[in-house]
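*Asks:* I have a structure here, written as structure tokens, and I will follow up with some questions on it.
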Amino acid sequence: MRQQRGGRTGLVLAATTAAALAAATLSAAASGAAADEGCAVDYRVDSSWGSGFQASVSITATEAVDGWDLAWVFPGDTAVTSAWNVDWSQTGGAFSGTDVGWNGSIAAGQTREVFGFVGAGSTEAPTGITLNGVACGEAAPTDPPTTDEPTDPPTDPPDGPAPQLSV
């Protein structure tokens with residue numbers, strides 16, 4: 001099934017029917033030529049209610065992206081029921097979406113919310129995210145954290161004569 005939605009009608013409808021704010025975020029990083037040398041994908045549940053939820057998807061580009069194609073696998077029985085600013089399809093849990101032209105360019109260093117959707121089922125974050133065919137793994141710090149704790153004092157006495165005390 002291939003659908004395209006435009007405008008803000010779905011967003012307004014979903015936002016007004018939302019009863020609670022859910023917090024579910026998945027950040028992932030990808031690198032490789034197909035993803036224009038790096039990006040981060042943020043899948044965020046903006047609100048949820050008994051029978052569904054609304055989510056938004058953002059991309060942060062390390063280098064400029066000219067056209068995007070996102071894919072992932074939803075857990076369990078999660079299904080997209082409507083979406084905006086994306087050409088999308090879903091078969092079982094496998095979701096794929098592509099830009100709709102005007103939202104396909106992302107400048108280097110820019111974060112852009114690229115589309116949103118209303119879904120039914122679990123709000124659990126999807127897995128197996130790819131951007132332009134490149135697998136995205138969970139973002140992890142590249143450098144270990146540093147501390148500002150003092151180091152132990154030296155155990156060897158300093159070289160030279162001992163200090164003299166005057167009375």
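Starting from 1 in every chain, residues are counted up; chains themselves are A, B, ... following the order of the structure tokens, and ligands are numbered from 1 as listed.
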Tell me which protein, DNA and RNA residues are within 9 Å of Asp77 of chain A, counting only C-alpha atoms, leaving out same-chain ones fewer than 4 positions away, and put them as a short mmCIF file (atom, residue, chain, number, x, y, z; two decimals) with all heavy atoms, in the first residue's frame.

*Replies:*
data_model
loop_
_atom_site.label_atom_id
_atom_site.label_comp_id
_atom_site.auth_asym_id
_atom_site.auth_seq_id
_atom_site.Cartn_x
_atom_site.Cartn_y
_atom_site.Cartn_z
N GLY A 92 3.49 -5.83 6.70
CA GLY A 92 3.77 -6.40 8.02
C GLY A 92 4.36 -5.32 8.89
O GLY A 92 3.84 -4.21 8.96
N GLY A 93 5.48 -5.62 9.54
CA GLY A 93 6.15 -4.62 10.37
C GLY A 93 7.15 -3.77 9.61
O GLY A 93 7.70 -2.82 10.15
N ALA A 120 -0.98 2.80 15.05
CA ALA A 120 -1.76 1.98 15.98
C ALA A 120 -0.85 0.86 16.46
O ALA A 120 0.01 0.38 15.73
CB ALA A 120 -2.98 1.40 15.28
N GLY A 121 -1.03 0.45 17.71
CA GLY A 121 -0.21 -0.62 18.26
C GLY A 121 0.81 -0.07 19.24
O GLY A 121 0.64 1.02 19.80
N SER A 122 1.90 -0.80 19.39
CA SER A 122 2.94 -0.46 20.34
C SER A 122 3.65 0.84 19.97
O SER A 122 3.89 1.11 18.80
CB SER A 122 3.97 -1.59 20.39
OG SER A 122 5.09 -1.21 21.17
#

*Asks:* Show which residues sit within 6 Å of segment 96-106 of chain A, as number ranges by chain. Count only C-alpha atoms, and ignore same-chain residues fewer than 2 positions away.

*Replies:* A: 64-71, 86-89

*Asks:* Using N, CA, C and O atoms, can you export the residues from the last selection as a JSON list (two decimals), in the first residue's frame?

*Replies:*
[["chain", "number", "residue", "atom", "x", "y", "z"],
["A", 64, "ALA", "N", 25.71, 17.04, 3.68],
["A", 64, "ALA", "CA", 24.45, 17.32, 2.98],
["A", 64, "ALA", "C", 23.80, 16.05, 2.43],
["A", 64, "ALA", "O", 24.48, 15.16, 1.93],
["A", 65, "VAL", "N", 22.48, 15.98, 2.57],
["A", 65, "VAL", "CA", 21.69, 14.88, 2.04],
["A", 65, "VAL", "C", 20.78, 15.46, 0.96],
["A", 65, "VAL", "O", 20.11, 16.46, 1.18],
["A", 66, "ASP", "N", 20.78, 14.85, -0.22],
["A", 66, "ASP", "CA", 19.92, 15.30, -1.30],
["A", 66, "ASP", "C", 18.99, 14.14, -1.65],
["A", 66, "ASP", "O", 19.27, 13.37, -2.56],
["A", 67, "GLY", "N", 17.94, 14.00, -0.89],
["A", 67, "GLY", "CA", 16.99, 12.90, -1.05],
["A", 67, "GLY", "C", 17.23, 11.84, 0.00],
["A", 67, "GLY", "O", 18.36, 11.45, 0.25],
["A", 68, "TRP", "N", 16.16, 11.40, 0.64],
["A", 68, "TRP", "CA", 16.29, 10.37, 1.68],
["A", 68, "TRP", "C", 15.26, 9.28, 1.49],
["A", 68, "TRP", "O", 14.19, 9.48, 0.93],
["A", 69, "ASP", "N", 15.65, 8.11, 1.94],
["A", 69, "ASP", "CA", 14.81, 6.92, 1.92],
["A", 69, "ASP", "C", 15.05, 6.22, 3.26],
["A", 69, "ASP", "O", 16.15, 5.74, 3.51],
["A", 70, "LEU", "N", 14.06, 6.23, 4.13],
["A", 70, "LEU", "CA", 14.17, 5.60, 5.44],
["A", 70, "LEU", "C", 13.41, 4.29, 5.45],
["A", 70, "LEU", "O", 12.35, 4.17, 4.84],
["A", 71, "ALA", "N", 13.94, 3.32, 6.18],
["A", 71, "ALA", "CA", 13.24, 2.05, 6.36],
["A", 71, "ALA", "C", 13.53, 1.54, 7.77],
["A", 71, "ALA", "O", 14.57, 1.85, 8.36],
["A", 86, "VAL", "N", 5.55, 12.44, 3.42],
["A", 86, "VAL", "CA", 6.32, 11.25, 3.10],
["A", 86, "VAL", "C", 5.51, 10.37, 2.14],
["A", 86, "VAL", "O", 4.29, 10.28, 2.26],
["A", 87, "ASP", "N", 6.20, 9.76, 1.17],
["A", 87, "ASP", "CA", 5.61, 8.67, 0.38],
["A", 87, "ASP", "C", 5.97, 7.41, 1.14],
["A", 87, "ASP", "O", 7.16, 7.16, 1.37],
["A", 88, "TRP", "N", 4.99, 6.63, 1.54],
["A", 88, "TRP", "CA", 5.29, 5.50, 2.42],
["A", 88, "TRP", "C", 4.55, 4.24, 2.03],
["A", 88, "TRP", "O", 3.56, 4.28, 1.31],
["A", 89, "SER", "N", 5.07, 3.14, 2.55],
["A", 89, "SER", "CA", 4.41, 1.85, 2.41],
["A", 89, "SER", "C", 4.78, 1.02, 3.62],
["A", 89, "SER", "O", 5.79, 1.26, 4.28]]

*Asks:* Can you tell me how far atom CA of Thr81 of chain A sits from atom CA of Gly133 of chain A, in Å to one decimal?

*Replies:*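 Atom-to-atom, atom CA of Thr81 of chain A and atom CA of Gly133 of chain A are spaced 24.1 Å apart.
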
*Asks:* Could you jot down the atom CA of Gly128 of chain A to atom CA of Ala94 of chain A separation for me, Å, one decimal place?

*Replies:* 9.5 Å

*Asks:* Tell me, in Å to one decimal, how far atom CA of Phe95 of chain A is from atom CA of Ala61 of chain A.

*Replies:*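 Computing the Euclidean distance for atom CA of Phe95 of chain A and atom CA of Ala61 of chain A yields 21.2 Å.
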